[in-house]
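S.K.: Pasting a structure below so you can have a look.
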Amino acid sequence: MTETEKRIEINHKSQLIDYFERGSKPPERWGIGTENEKFLFRKEDFGRLRFEQDGGILKILNKMQQDGWAPILENNIAIGLRKNGASITLEPGGQFELSGDNFSTIHETYRETKKHFKELNTISQHYNFFSLPMGVDPLSDVADVPWVPKERYRWMRNYMPTKGDLGLHMMTNTASTQVNLDFCSEKDMVKKMRVSQALQAVVTAIFANSPFSAGKPNGYLSYRSHIWNYTDPDRCGFLPFIFDEGFGFERWVDYLLDVPMYYILRDGEYISTNGLTFRGFFEGKHSLKPTQEDWETHVSTIFPDVRLKQFIEMRGADASCVSHIAAVSALWVGLLYDGDSLAEADELISKWDVDTMQELRAQVPVKALNAESGNLHAGTIAKQICRIASDGLKRRAKVRCSEDESRFLAPVQEITESGITVAERLLKRYHEGNETLPELVYNWQNEQMQKYIDA
């Protein structure tokens, strides 16, 4: 969106609907965008890295600028970076996020992710920290986590506790892997949104990787997904209306219109909305007039399991290592970007009722692949969708060095065949080994990292 487009006033609901319609792209232009987050810890005491301390996050951002990254500034301080279509941003607790470039194959996504982790690892040797891609910070108390000095987060920090008990946990102590995929029409979007919402909990189960928090086991396999359930019911969670007859761009707009706004942003200044919904803003209940930029900002502050922007964002997977980041992308691309696979996945979910899906989802944080409701069993479904995705990736036939993209599903195949998630393997190691939890997570991340340094 250009600066001129951002300033266009919104006078008709059709403008809001059109925002999403403009996201439609022909299949030959479909891309794959992957976002991955990780925590940064000091090696000497396993405390979270602060923003401005010596050798802290700000110095990392400055160091990366020497390799061609351009700064994203707020109050003349670098709070993020841009390079070649990718960006690095900071979540409220300093979670370090790579939002990758938009690629046409998972081979490219994998190379970008591997390069990013290698670059960060090299800098970590210089500044004596380590990165840890897990769904929840396993070591820190939420009260001890330092906040990144971004104005947006100050507003959210004040708002979150008014909506859910674990909103601040979500902001500072969770990390995820997200995948962004395209659609070619409203009909295509509807089918992909329904498949994505129905299967999101199963993907959460496959990639469960947050069994520790505050220095001990927390009773969950994906504690991150539990935290999201107690963040903000207005803007998070499972969206049953996606399965309603007549769902489309306009119904999505109606949902967004009734979600309270965080703030209004004008020329870098944050302005209170006092709980006003965007519908109220649109109807003239604020002294300011809504613009396209206001709408785009509002759209980006809604956090359900599956989010429609001008693409579809899958938000269910805990953060994890490089091979798992590629595997999340491979699973969704295989399911949604091949017509036969999408049709088969749509047929699979077509007989499921919403209540059963929601009950399955409610069990996943604790039981992961052992979650079940009615005739739905997460482990059984996981095997089915792994096979469907593999077939789809083979039909896509995006080959590099004689291998197609289905090779990136190897971690999914291992987990679904064994029924054992990363979270369960880490718990077993914790209970049966002789490592302290800080030693365990540090050694685990080193073991994962070494695979890509040696590759």
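Chain labels follow the order of the structure tokens: the first chain is A, the next B, and so on; residue numbering restarts at 1 in every chain, and ligands are counted from 1 in their shown order.
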Per DSSP on the backbone, filter range 257-425 of chain A down to the residues in strand (DSSP E or B) and report them as a PyMOL selection string.
M.R.: chain A and resi 260+264-266+269-271+277+291+303-304+306-308+312-318+372-373+376-377+400+403
S.K.: Those residues you just picked out, can you put them in a file as a JSON list (two decimals), in the first residue's frame with C-alpha atoms?
M.R.:
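Result file follows (selection.json):
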```json
[["chain", "number", "residue", "atom", "x", "y", "z"],
["A", 260, "PRO", "CA", -12.38, -3.50, 19.60],
["A", 264, "ILE", "CA", -5.43, 4.76, 16.01],
["A", 265, "LEU", "CA", -2.07, 5.66, 14.51],
["A", 266, "ARG", "CA", -1.57, 9.09, 12.96],
["A", 269, "GLU", "CA", 1.33, 9.15, 17.17],
["A", 270, "TYR", "CA", -0.82, 6.57, 18.97],
["A", 271, "ILE", "CA", -4.33, 7.77, 19.83],
["A", 277, "THR", "CA", -14.88, -1.17, 17.62],
["A", 291, "THR", "CA", -8.43, 5.54, 6.54],
["A", 303, "PHE", "CA", -4.95, -13.07, 16.17],
["A", 304, "PRO", "CA", -7.20, -16.10, 15.52],
["A", 306, "VAL", "CA", -6.18, -18.72, 11.00],
["A", 307, "ARG", "CA", -6.02, -15.11, 9.87],
["A", 308, "LEU", "CA", -7.16, -13.68, 6.57],
["A", 312, "ILE", "CA", -4.02, -16.65, 4.60],
["A", 313, "GLU", "CA", -1.87, -16.98, 7.69],
["A", 314, "MET", "CA", -1.59, -20.32, 9.52],
["A", 315, "ARG", "CA", -0.73, -19.60, 13.16],
["A", 316, "GLY", "CA", -0.90, -22.97, 14.94],
["A", 317, "ALA", "CA", 2.66, -24.29, 15.23],
["A", 318, "ASP", "CA", 5.07, -23.84, 18.13],
["A", 372, "GLU", "CA", -9.64, -37.14, 20.52],
["A", 373, "SER", "CA", -13.27, -36.13, 20.31],
["A", 376, "LEU", "CA", -11.79, -37.55, 15.52],
["A", 377, "HIS", "CA", -8.34, -38.59, 16.75],
["A", 400, "ARG", "CA", 16.03, -29.30, -6.70],
["A", 403, "GLU", "CA", 14.45, -34.08, -4.81]]
```
S.K.: Excluding same-chain residues fewer than 6 positions from Glu245 in chain A, what lies within 12 Å of it counting only C-alpha atoms, as a ChimeraX atom specification?
M.R.: /A:190-191,194,251
S.K.: Tell me, as a list in words, which residues lie within 7 Å of Ile79 in chain A, counting only C-alpha atoms; anything in the same chain fewer than 3 positions away does not count.
M.R.: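 Those residues are Ile72, Leu73, Glu74, Thr89 and Leu90 of chain A.
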S.K.: Now that the selection is made, can you save its residues with C-alpha atoms as a PDB file, in the first residue's frame?
M.R.:
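Below is the file out-v1.pdb, written as the result:
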```
ATOM      1  CA  ILE A  72      13.581  -0.036  10.684  1.00  0.00           C
ATOM      2  CA  LEU A  73      13.569   2.976  12.989  1.00  0.00           C
ATOM      3  CA  GLU A  74      11.341   4.160  15.816  1.00  0.00           C
ATOM      4  CA  THR A  89      11.144  -7.694  13.863  1.00  0.00           C
ATOM      5  CA  LEU A  90      10.977  -7.952  17.635  1.00  0.00           C
TER       6      LEU A  90
END
```
S.K.: Just to confirm, what's the straight-line distance from CA of Lys163 in chain A to CA of Gln363 in chain A in Å (one decimal)?
M.R.: 22.5 Å
S.K.: Of the candidates A:Val364, A:Lys150, A:Gly339, A:Ala330, which shows the shortest atom-to-atom distance to Glu108 in chain A, using only C-alpha atoms?
M.R.: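 So, comparing all the options, the nearest one is A:Ala330.
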